[in-house]
Amino acid sequence: MTLLSLIELAQTKIYSLVIMNTVRRKSAEISKRLDQLAQQLRSNPLQKANRPTNYEKGSLEAKVASSPYAAILASPIRSCRYHRRYFPSEMLLRFGLVRDPKSNKLLPVPQVKRHEKMNGIGRYVRLRRAVFDHLGPRESRAIFMGKAEFQKDIVDAISRQLVDNAYKLYQPSTYVPLISIERSLWQAEQPREFQCILISNDSDPFCELDHRIITDTTTHKVPCYNVGRLWDDTSMPLAYGVPKQISTVELAVALWKCRAFFNNNM
């Protein structure tokens, strides 16, 4: 071996030793820092941040926070066990499994309320009544991997939960009475934006999407829900306008779910 080769070999070993010492030192520093962070977290656990409620009026953040459609599209993506496709979870209906104490069988239970889930892995199905009307025993067992199947009254159970959920969010004292100008055209005394219109009668369909509200010189096109087909409210005026704000997003989403379920499309 030549002298030059010996010199290169020695340099390589020296570089390796330097690098190893540097790595050990850095590793010790990182480990010490991680121990300090872990101790800080144990003494002062992280707190979940509260969702902001105050935004600059007219800002993009305010528009997104008060939009039910943004809330629907921003919900976690889940797989529909019927269509074998992925959707935002607010467009699906989650089912948990509960054991019936009488028959000792597992029964699918719909979970309509937002942010409330049962323990265990849920199964998601597209929120369309036509889907459940189409499901037979074989298809429903496939959804739950043979562990359970939908009961005969599952459509009625889902309908009741959807209506009950929307009614619990119904707060008419905070809504704005509207004046009818003509068919599908309404006048609001207060210049503001609205989530939707609520009416109550026996003649109109549950939902129409071509209604408009005039506020000052601006006309807003919003959905109109005939809640008289869901529940009775004898004290309700001709129509309510639901203000567009963060506190009314859940009601708008709940009514949208009712429309999605009672729609016959799959």
# chains A, B, ... in the order shown; residues from 1 in each chain; ligands from 1
$ select_by_dssp --residues "segment 48-210 of chain A" --states "alpha helix (DSSP H)" --output "VMD selection string"
chain A and resid 60 to 65 68 to 73 129 to 134 137 to 143 154 to 168
$ write_last_selection --atoms "C-alpha atoms" --output "JSON list (two decimals), in the first residue's frame"
[["chain", "number", "residue", "atom", "x", "y", "z"],
["A", 60, "LEU", "CA", -63.34, 35.48, 3.40],
["A", 61, "GLU", "CA", -62.97, 33.86, 6.83],
["A", 62, "ALA", "CA", -66.39, 35.20, 7.91],
["A", 63, "LYS", "CA", -68.06, 33.97, 4.73],
["A", 64, "VAL", "CA", -66.55, 30.49, 5.04],
["A", 65, "ALA", "CA", -67.34, 30.17, 8.77],
["A", 68, "PRO", "CA", -73.24, 25.50, 5.61],
["A", 69, "TYR", "CA", -71.88, 24.32, 2.27],
["A", 70, "ALA", "CA", -68.32, 25.03, 3.38],
["A", 71, "ALA", "CA", -69.01, 23.07, 6.58],
["A", 72, "ILE", "CA", -70.32, 20.12, 4.54],
["A", 73, "LEU", "CA", -67.40, 20.08, 2.11],
["A", 129, "ARG", "CA", -83.69, 7.52, 0.95],
["A", 130, "ALA", "CA", -83.63, 5.78, -2.44],
["A", 131, "VAL", "CA", -80.41, 4.01, -1.37],
["A", 132, "PHE", "CA", -82.08, 2.50, 1.71],
["A", 133, "ASP", "CA", -85.21, 1.60, -0.26],
["A", 134, "HIS", "CA", -82.96, -0.29, -2.68],
["A", 137, "PRO", "CA", -80.91, -8.15, 3.30],
["A", 138, "ARG", "CA", -77.91, -9.31, 1.29],
["A", 139, "GLU", "CA", -76.67, -5.77, 0.50],
["A", 140, "SER", "CA", -77.18, -4.53, 4.06],
["A", 141, "ARG", "CA", -75.25, -7.50, 5.50],
["A", 142, "ALA", "CA", -72.41, -6.72, 3.09],
["A", 143, "ILE", "CA", -72.22, -3.17, 4.49],
["A", 154, "ILE", "CA", -84.74, 1.85, 9.21],
["A", 155, "VAL", "CA", -86.14, 4.52, 6.84],
["A", 156, "ASP", "CA", -88.65, 5.66, 9.47],
["A", 157, "ALA", "CA", -85.92, 5.70, 12.15],
["A", 158, "ILE", "CA", -83.65, 7.85, 9.99],
["A", 159, "SER", "CA", -86.51, 10.21, 9.12],
["A", 160, "ARG", "CA", -87.40, 10.71, 12.78],
["A", 161, "GLN", "CA", -83.82, 11.43, 13.77],
["A", 162, "LEU", "CA", -83.33, 13.91, 10.92],
["A", 163, "VAL", "CA", -86.49, 15.82, 11.82],
["A", 164, "ASP", "CA", -85.79, 15.75, 15.58],
["A", 165, "ASN", "CA", -82.26, 17.02, 15.02],
["A", 166, "ALA", "CA", -83.45, 19.93, 12.86],
["A", 167, "TYR", "CA", -86.25, 20.82, 15.30],
["A", 168, "LYS", "CA", -83.84, 21.00, 18.26]]
$ residues_around --residues "segment 221-228 of chain A" --least-positions-apart "2" --cutoff "7 Å" --atoms "only C-alpha atoms" --output "list in words"
Gln195, Cys196, Ile197, Leu198, Ile199, Ser200, Asn201, Asp202, Asp204, Pro205, Phe206, Cys207, Glu208, Leu209, Asp210, His211, Arg212, Ile213, Thr219, Leu230, Trp231 and Asp232 of chain A
$ write_last_selection --atoms "N, CA, C and O atoms" --output "PDB file, in the first residue's frame"
ATOM      1  N   GLN A 195     -79.372  32.551   5.544  1.00  0.00           N
ATOM      2  CA  GLN A 195     -79.054  31.159   5.210  1.00  0.00           C
ATOM      3  C   GLN A 195     -80.147  30.558   4.339  1.00  0.00           C
ATOM      4  O   GLN A 195     -79.874  29.868   3.349  1.00  0.00           O
ATOM      5  N   CYS A 196     -81.391  30.775   4.749  1.00  0.00           N
ATOM      6  CA  CYS A 196     -82.521  30.158   4.075  1.00  0.00           C
ATOM      7  C   CYS A 196     -83.803  30.837   4.518  1.00  0.00           C
ATOM      8  O   CYS A 196     -83.801  31.707   5.397  1.00  0.00           O
ATOM      9  N   ILE A 197     -84.904  30.419   3.920  1.00  0.00           N
ATOM     10  CA  ILE A 197     -86.243  30.879   4.272  1.00  0.00           C
ATOM     11  C   ILE A 197     -87.000  29.700   4.857  1.00  0.00           C
ATOM     12  O   ILE A 197     -86.889  28.575   4.368  1.00  0.00           O
ATOM     13  N   LEU A 198     -87.785  29.967   5.900  1.00  0.00           N
ATOM     14  CA  LEU A 198     -88.628  28.942   6.500  1.00  0.00           C
ATOM     15  C   LEU A 198     -90.087  29.353   6.352  1.00  0.00           C
ATOM     16  O   LEU A 198     -90.462  30.466   6.736  1.00  0.00           O
ATOM     17  N   ILE A 199     -90.894  28.465   5.771  1.00  0.00           N
ATOM     18  CA  ILE A 199     -92.326  28.685   5.659  1.00  0.00           C
ATOM     19  C   ILE A 199     -93.031  27.471   6.253  1.00  0.00           C
ATOM     20  O   ILE A 199     -92.404  26.452   6.545  1.00  0.00           O
ATOM     21  N   SER A 200     -94.357  27.586   6.420  1.00  0.00           N
ATOM     22  CA  SER A 200     -95.119  26.459   6.966  1.00  0.00           C
ATOM     23  C   SER A 200     -96.513  26.459   6.357  1.00  0.00           C
ATOM     24  O   SER A 200     -97.347  27.308   6.687  1.00  0.00           O
ATOM     25  N   ASN A 201     -96.758  25.524   5.433  1.00  0.00           N
ATOM     26  CA  ASN A 201     -98.079  25.358   4.843  1.00  0.00           C
ATOM     27  C   ASN A 201     -98.222  23.930   4.319  1.00  0.00           C
ATOM     28  O   ASN A 201     -97.289  23.133   4.379  1.00  0.00           O
ATOM     29  N   ASP A 202     -99.382  23.624   3.798  1.00  0.00           N
ATOM     30  CA  ASP A 202     -99.673  22.268   3.326  1.00  0.00           C
ATOM     31  C   ASP A 202     -99.595  22.143   1.810  1.00  0.00           C
ATOM     32  O   ASP A 202     -99.788  21.042   1.279  1.00  0.00           O
ATOM     33  N   ASP A 204     -97.047  23.883  -0.473  1.00  0.00           N
ATOM     34  CA  ASP A 204     -95.735  23.954  -1.115  1.00  0.00           C
ATOM     35  C   ASP A 204     -94.907  22.703  -0.826  1.00  0.00           C
ATOM     36  O   ASP A 204     -95.079  22.058   0.210  1.00  0.00           O
ATOM     37  N   PRO A 205     -93.986  22.344  -1.721  1.00  0.00           N
ATOM     38  CA  PRO A 205     -93.086  21.208  -1.455  1.00  0.00           C
ATOM     39  C   PRO A 205     -92.137  21.527  -0.305  1.00  0.00           C
ATOM     40  O   PRO A 205     -92.051  22.668   0.151  1.00  0.00           O
ATOM     41  N   PHE A 206     -91.403  20.520   0.132  1.00  0.00           N
ATOM     42  CA  PHE A 206     -90.522  20.724   1.285  1.00  0.00           C
ATOM     43  C   PHE A 206     -89.415  21.729   0.990  1.00  0.00           C
ATOM     44  O   PHE A 206     -89.081  22.552   1.842  1.00  0.00           O
ATOM     45  N   CYS A 207     -88.830  21.678  -0.183  1.00  0.00           N
ATOM     46  CA  CYS A 207     -87.713  22.574  -0.481  1.00  0.00           C
ATOM     47  C   CYS A 207     -87.796  23.096  -1.908  1.00  0.00           C
ATOM     48  O   CYS A 207     -88.045  22.336  -2.844  1.00  0.00           O
ATOM     49  N   GLU A 208     -87.586  24.399  -2.046  1.00  0.00           N
ATOM     50  CA  GLU A 208     -87.469  25.053  -3.346  1.00  0.00           C
ATOM     51  C   GLU A 208     -86.212  25.909  -3.323  1.00  0.00           C
ATOM     52  O   GLU A 208     -85.912  26.560  -2.322  1.00  0.00           O
ATOM     53  N   LEU A 209     -85.494  25.920  -4.430  1.00  0.00           N
ATOM     54  CA  LEU A 209     -84.190  26.592  -4.465  1.00  0.00           C
ATOM     55  C   LEU A 209     -84.200  27.920  -5.210  1.00  0.00           C
ATOM     56  O   LEU A 209     -83.146  28.535  -5.369  1.00  0.00           O
ATOM     57  N   ASP A 210     -85.364  28.378  -5.677  1.00  0.00           N
ATOM     58  CA  ASP A 210     -85.410  29.581  -6.509  1.00  0.00           C
ATOM     59  C   ASP A 210     -85.982  30.798  -5.781  1.00  0.00           C
ATOM     60  O   ASP A 210     -86.361  31.777  -6.405  1.00  0.00           O
ATOM     61  N   HIS A 211     -86.054  30.753  -4.451  1.00  0.00           N
ATOM     62  CA  HIS A 211     -86.598  31.892  -3.707  1.00  0.00           C
ATOM     63  C   HIS A 211     -85.530  32.980  -3.539  1.00  0.00           C
ATOM     64  O   HIS A 211     -84.336  32.687  -3.465  1.00  0.00           O
ATOM     65  N   ARG A 212     -86.021  34.225  -3.457  1.00  0.00           N
ATOM     66  CA  ARG A 212     -85.119  35.372  -3.334  1.00  0.00           C
ATOM     67  C   ARG A 212     -85.606  36.289  -2.224  1.00  0.00           C
ATOM     68  O   ARG A 212     -86.796  36.412  -1.981  1.00  0.00           O
ATOM     69  N   ILE A 213     -84.644  36.939  -1.572  1.00  0.00           N
ATOM     70  CA  ILE A 213     -84.942  37.912  -0.520  1.00  0.00           C
ATOM     71  C   ILE A 213     -84.348  39.259  -0.923  1.00  0.00           C
ATOM     72  O   ILE A 213     -83.161  39.346  -1.260  1.00  0.00           O
ATOM     73  N   THR A 219     -80.555  41.607  -3.893  1.00  0.00           N
ATOM     74  CA  THR A 219     -81.409  40.427  -3.902  1.00  0.00           C
ATOM     75  C   THR A 219     -80.554  39.187  -3.692  1.00  0.00           C
ATOM     76  O   THR A 219     -79.571  38.979  -4.402  1.00  0.00           O
ATOM     77  N   LEU A 230     -92.457  19.078   8.352  1.00  0.00           N
ATOM     78  CA  LEU A 230     -91.636  18.367   9.335  1.00  0.00           C
ATOM     79  C   LEU A 230     -92.224  18.448  10.736  1.00  0.00           C
ATOM     80  O   LEU A 230     -92.202  17.473  11.479  1.00  0.00           O
ATOM     81  N   TRP A 231     -92.705  19.647  11.118  1.00  0.00           N
ATOM     82  CA  TRP A 231     -93.290  19.826  12.444  1.00  0.00           C
ATOM     83  C   TRP A 231     -94.324  20.948  12.383  1.00  0.00           C
ATOM     84  O   TRP A 231     -94.383  21.710  11.420  1.00  0.00           O
ATOM     85  N   ASP A 232     -95.131  21.061  13.438  1.00  0.00           N
ATOM     86  CA  ASP A 232     -96.181  22.079  13.520  1.00  0.00           C
ATOM     87  C   ASP A 232     -95.702  23.248  14.368  1.00  0.00           C
ATOM     88  O   ASP A 232     -95.127  23.060  15.440  1.00  0.00           O
TER      89      ASP A 232
END
$ residues_around --residues "Lys257 of chain A" --least-positions-apart "2" --cutoff "10 Å" --atoms "only C-alpha atoms" --output "list of chain:residue names"
A:Ile72, A:Glu90, A:Met91, A:Leu92, A:Leu93, A:Val112, A:Leu127, A:Arg128, A:Leu162, A:Val163, A:Ala166, A:Leu251, A:Ala252, A:Val253, A:Ala254, A:Leu255, A:Arg259, A:Ala260, A:Phe261, A:Phe262, A:Asn263
$ write_last_selection --atoms "N, CA and C atoms" --output "short mmCIF file (atom, residue, chain, number, x, y, z; two decimals), in the first residue's frame"
data_model
loop_
_atom_site.label_atom_id
_atom_site.label_comp_id
_atom_site.auth_asym_id
_atom_site.auth_seq_id
_atom_site.Cartn_x
_atom_site.Cartn_y
_atom_site.Cartn_z
N ILE A 72 -70.08 21.46 5.11
CA ILE A 72 -70.32 20.12 4.54
C ILE A 72 -69.09 19.63 3.79
N GLU A 90 -70.41 14.65 5.98
CA GLU A 90 -71.71 15.28 6.18
C GLU A 90 -72.70 14.89 5.08
N MET A 91 -72.20 14.35 3.97
CA MET A 91 -73.07 13.89 2.89
C MET A 91 -73.44 12.41 3.08
N LEU A 92 -72.94 11.82 4.15
CA LEU A 92 -73.19 10.42 4.44
C LEU A 92 -73.93 10.31 5.77
N LEU A 93 -74.38 9.10 6.07
CA LEU A 93 -75.00 8.82 7.36
C LEU A 93 -74.20 7.71 8.04
N VAL A 112 -77.28 10.78 13.47
CA VAL A 112 -77.55 11.96 12.66
C VAL A 112 -76.85 13.19 13.19
N LEU A 127 -76.46 9.57 2.18
CA LEU A 127 -77.70 10.05 2.80
C LEU A 127 -78.76 10.28 1.72
N ARG A 128 -79.32 9.19 1.23
CA ARG A 128 -80.38 9.21 0.23
C ARG A 128 -81.40 8.13 0.58
N LEU A 162 -83.62 12.72 11.70
CA LEU A 162 -83.33 13.91 10.92
C LEU A 162 -84.24 15.07 11.33
N VAL A 163 -85.52 14.78 11.46
CA VAL A 163 -86.49 15.82 11.82
C VAL A 163 -86.25 16.30 13.25
N ALA A 166 -83.19 18.59 13.40
CA ALA A 166 -83.45 19.93 12.86
C ALA A 166 -84.33 20.74 13.81
N LEU A 251 -78.23 24.50 11.84
CA LEU A 251 -79.61 24.36 11.37
C LEU A 251 -79.65 24.23 9.86
N ALA A 252 -78.88 25.07 9.16
CA ALA A 252 -78.85 25.00 7.70
C ALA A 252 -78.36 23.64 7.21
N VAL A 253 -77.36 23.08 7.88
CA VAL A 253 -76.85 21.76 7.51
C VAL A 253 -77.91 20.69 7.80
N ALA A 254 -78.61 20.80 8.95
CA ALA A 254 -79.64 19.82 9.31
C ALA A 254 -80.78 19.84 8.30
N LEU A 255 -81.21 21.01 7.86
CA LEU A 255 -82.28 21.10 6.86
C LEU A 255 -81.79 20.59 5.51
N ARG A 259 -83.43 17.53 3.23
CA ARG A 259 -83.69 17.61 1.78
C ARG A 259 -82.96 16.50 1.05
N ALA A 260 -81.70 16.23 1.42
CA ALA A 260 -80.91 15.20 0.75
C ALA A 260 -81.55 13.83 0.95
N PHE A 261 -82.07 13.56 2.15
CA PHE A 261 -82.62 12.23 2.41
C PHE A 261 -83.98 12.04 1.74
N PHE A 262 -84.82 13.07 1.78
CA PHE A 262 -86.16 12.93 1.22
C PHE A 262 -86.16 13.04 -0.30
N ASN A 263 -85.01 13.43 -0.86
CA ASN A 263 -84.87 13.45 -2.32
C ASN A 263 -84.81 12.01 -2.81
#
$ closest_residue --among "A:Ser89, A:Met236, A:Ser27, A:Gln39" --to "Tyr170 of chain A" --atoms "only C-alpha atoms"
A:Met236
$ atom_distance --atom1 "atom CA of Pro237 of chain A" --atom2 "atom CA of Ser173 of chain A"
11.5 Å
$ residues_around --residues "Ala148 of chain A" --least-positions-apart "3" --cutoff "8 Å" --atoms "only C-alpha atoms" --output "NGL selection string"
:A and (97 or 105-108 or 140-141 or 144-145)
$ write_last_selection --atoms "all heavy atoms" --output "PDB file, in the first residue's frame"
ATOM      1  N   LEU A  97     -73.066   0.128  15.757  1.00  0.00           N
ATOM      2  CA  LEU A  97     -73.690  -1.150  16.068  1.00  0.00           C
ATOM      3  C   LEU A  97     -73.961  -1.235  17.572  1.00  0.00           C
ATOM      4  O   LEU A  97     -73.073  -0.993  18.382  1.00  0.00           O
ATOM      5  CB  LEU A  97     -72.796  -2.313  15.635  1.00  0.00           C
ATOM      6  CG  LEU A  97     -72.589  -2.480  14.124  1.00  0.00           C
ATOM      7  CD1 LEU A  97     -71.643  -3.635  13.843  1.00  0.00           C
ATOM      8  CD2 LEU A  97     -73.916  -2.685  13.409  1.00  0.00           C
ATOM      9  N   LYS A 105     -78.707  -9.629  19.292  1.00  0.00           N
ATOM     10  CA  LYS A 105     -78.188  -9.376  17.956  1.00  0.00           C
ATOM     11  C   LYS A 105     -77.636  -7.954  17.856  1.00  0.00           C
ATOM     12  O   LYS A 105     -78.087  -7.052  18.565  1.00  0.00           O
ATOM     13  CB  LYS A 105     -79.284  -9.561  16.906  1.00  0.00           C
ATOM     14  CG  LYS A 105     -79.769 -10.999  16.757  1.00  0.00           C
ATOM     15  CD  LYS A 105     -80.825 -11.071  15.668  1.00  0.00           C
ATOM     16  CE  LYS A 105     -81.316 -12.504  15.472  1.00  0.00           C
ATOM     17  NZ  LYS A 105     -82.363 -12.573  14.413  1.00  0.00           N
ATOM     18  N   LEU A 106     -76.679  -7.768  16.959  1.00  0.00           N
ATOM     19  CA  LEU A 106     -76.161  -6.427  16.697  1.00  0.00           C
ATOM     20  C   LEU A 106     -77.105  -5.712  15.739  1.00  0.00           C
ATOM     21  O   LEU A 106     -77.462  -6.248  14.680  1.00  0.00           O
ATOM     22  CB  LEU A 106     -74.754  -6.502  16.099  1.00  0.00           C
ATOM     23  CG  LEU A 106     -73.638  -6.923  17.051  1.00  0.00           C
ATOM     24  CD1 LEU A 106     -72.332  -7.101  16.289  1.00  0.00           C
ATOM     25  CD2 LEU A 106     -73.460  -5.905  18.165  1.00  0.00           C
ATOM     26  N   LEU A 107     -77.495  -4.483  16.109  1.00  0.00           N
ATOM     27  CA  LEU A 107     -78.416  -3.703  15.288  1.00  0.00           C
ATOM     28  C   LEU A 107     -77.743  -2.410  14.853  1.00  0.00           C
ATOM     29  O   LEU A 107     -77.107  -1.723  15.655  1.00  0.00           O
ATOM     30  CB  LEU A 107     -79.683  -3.370  16.078  1.00  0.00           C
ATOM     31  CG  LEU A 107     -80.514  -4.562  16.592  1.00  0.00           C
ATOM     32  CD1 LEU A 107     -81.702  -4.057  17.387  1.00  0.00           C
ATOM     33  CD2 LEU A 107     -80.955  -5.443  15.440  1.00  0.00           C
ATOM     34  N   PRO A 108     -77.861  -2.030  13.576  1.00  0.00           N
ATOM     35  CA  PRO A 108     -77.319  -0.744  13.107  1.00  0.00           C
ATOM     36  C   PRO A 108     -78.171   0.405  13.641  1.00  0.00           C
ATOM     37  O   PRO A 108     -79.402   0.374  13.560  1.00  0.00           O
ATOM     38  CB  PRO A 108     -77.419  -0.851  11.582  1.00  0.00           C
ATOM     39  CG  PRO A 108     -77.683  -2.288  11.283  1.00  0.00           C
ATOM     40  CD  PRO A 108     -78.397  -2.838  12.465  1.00  0.00           C
ATOM     41  N   SER A 140     -77.395  -5.147   2.745  1.00  0.00           N
ATOM     42  CA  SER A 140     -77.185  -4.531   4.057  1.00  0.00           C
ATOM     43  C   SER A 140     -76.201  -5.346   4.900  1.00  0.00           C
ATOM     44  O   SER A 140     -75.391  -4.790   5.639  1.00  0.00           O
ATOM     45  CB  SER A 140     -78.522  -4.381   4.795  1.00  0.00           C
ATOM     46  OG  SER A 140     -79.089  -5.633   5.090  1.00  0.00           O
ATOM     47  N   ARG A 141     -76.236  -6.683   4.777  1.00  0.00           N
ATOM     48  CA  ARG A 141     -75.252  -7.496   5.501  1.00  0.00           C
ATOM     49  C   ARG A 141     -73.841  -7.246   4.972  1.00  0.00           C
ATOM     50  O   ARG A 141     -72.868  -7.279   5.734  1.00  0.00           O
ATOM     51  CB  ARG A 141     -75.611  -8.978   5.388  1.00  0.00           C
ATOM     52  CG  ARG A 141     -76.739  -9.413   6.310  1.00  0.00           C
ATOM     53  CD  ARG A 141     -76.795 -10.925   6.429  1.00  0.00           C
ATOM     54  NE  ARG A 141     -77.073 -11.551   5.147  1.00  0.00           N
ATOM     55  CZ  ARG A 141     -78.289 -11.832   4.690  1.00  0.00           C
ATOM     56  NH1 ARG A 141     -79.350 -11.509   5.429  1.00  0.00           N
ATOM     57  NH2 ARG A 141     -78.452 -12.421   3.516  1.00  0.00           N
ATOM     58  N   PHE A 144     -72.139  -4.289   6.644  1.00  0.00           N
ATOM     59  CA  PHE A 144     -71.631  -4.539   7.997  1.00  0.00           C
ATOM     60  C   PHE A 144     -70.818  -5.824   8.069  1.00  0.00           C
ATOM     61  O   PHE A 144     -70.647  -6.388   9.154  1.00  0.00           O
ATOM     62  CB  PHE A 144     -72.795  -4.582   8.985  1.00  0.00           C
ATOM     63  CG  PHE A 144     -73.563  -3.292   9.050  1.00  0.00           C
ATOM     64  CD1 PHE A 144     -74.763  -3.157   8.361  1.00  0.00           C
ATOM     65  CD2 PHE A 144     -73.075  -2.215   9.757  1.00  0.00           C
ATOM     66  CE1 PHE A 144     -75.467  -1.973   8.398  1.00  0.00           C
ATOM     67  CE2 PHE A 144     -73.768  -1.021   9.803  1.00  0.00           C
ATOM     68  CZ  PHE A 144     -74.969  -0.893   9.117  1.00  0.00           C
ATOM     69  N   MET A 145     -70.322  -6.288   6.920  1.00  0.00           N
ATOM     70  CA  MET A 145     -69.448  -7.460   6.849  1.00  0.00           C
ATOM     71  C   MET A 145     -70.081  -8.682   7.525  1.00  0.00           C
ATOM     72  O   MET A 145     -69.405  -9.445   8.221  1.00  0.00           O
ATOM     73  CB  MET A 145     -68.085  -7.135   7.473  1.00  0.00           C
ATOM     74  CG  MET A 145     -67.396  -5.941   6.826  1.00  0.00           C
ATOM     75  SD  MET A 145     -65.812  -5.514   7.567  1.00  0.00           S
ATOM     76  CE  MET A 145     -64.836  -6.951   7.119  1.00  0.00           C
TER      77      MET A 145
END
$ closest_residue --among "A:Gln171, A:Ser75, A:Asn104, A:Ser247" --to "Asp233 of chain A" --atoms "only C-alpha atoms"
A:Gln171
$ residues_around --residues "Ile77 of chain A" --least-positions-apart "3" --cutoff "8 Å" --atoms "only C-alpha atoms" --output "PDB file with C-alpha atoms, in the first residue's frame"
ATOM      1  CA  TYR A  86     -65.546   8.680  -1.054  1.00  0.00           C
ATOM      2  CA  PHE A  87     -67.627  11.671   0.083  1.00  0.00           C
ATOM      3  CA  PRO A  88     -67.464  14.364   2.774  1.00  0.00           C
ATOM      4  CA  SER A  89     -68.896  12.701   5.877  1.00  0.00           C
TER       5      SER A  89
END
$ closest_residue --among "A:Met20, A:Ile14, A:Cys80, A:Ile214" --to "Ser184 of chain A" --atoms "only C-alpha atoms"
A:Ile214
$ residues_around --residues "Lys244 of chain A" --least-positions-apart "6" --cutoff "7 Å" --atoms "only C-alpha atoms" --output "list in words"
Ser66, Glu193, Phe194 and Gln195 of chain A
$ closest_residue --among "A:Gln190, A:Ser67, A:Ser43, A:Ser235" --to "Pro172 of chain A" --atoms "only C-alpha atoms"
A:Ser235
$ select_by_dssp --residues "segment 8-238 of chain A" --states "strand (DSSP E)" --output "count of residues only"
59
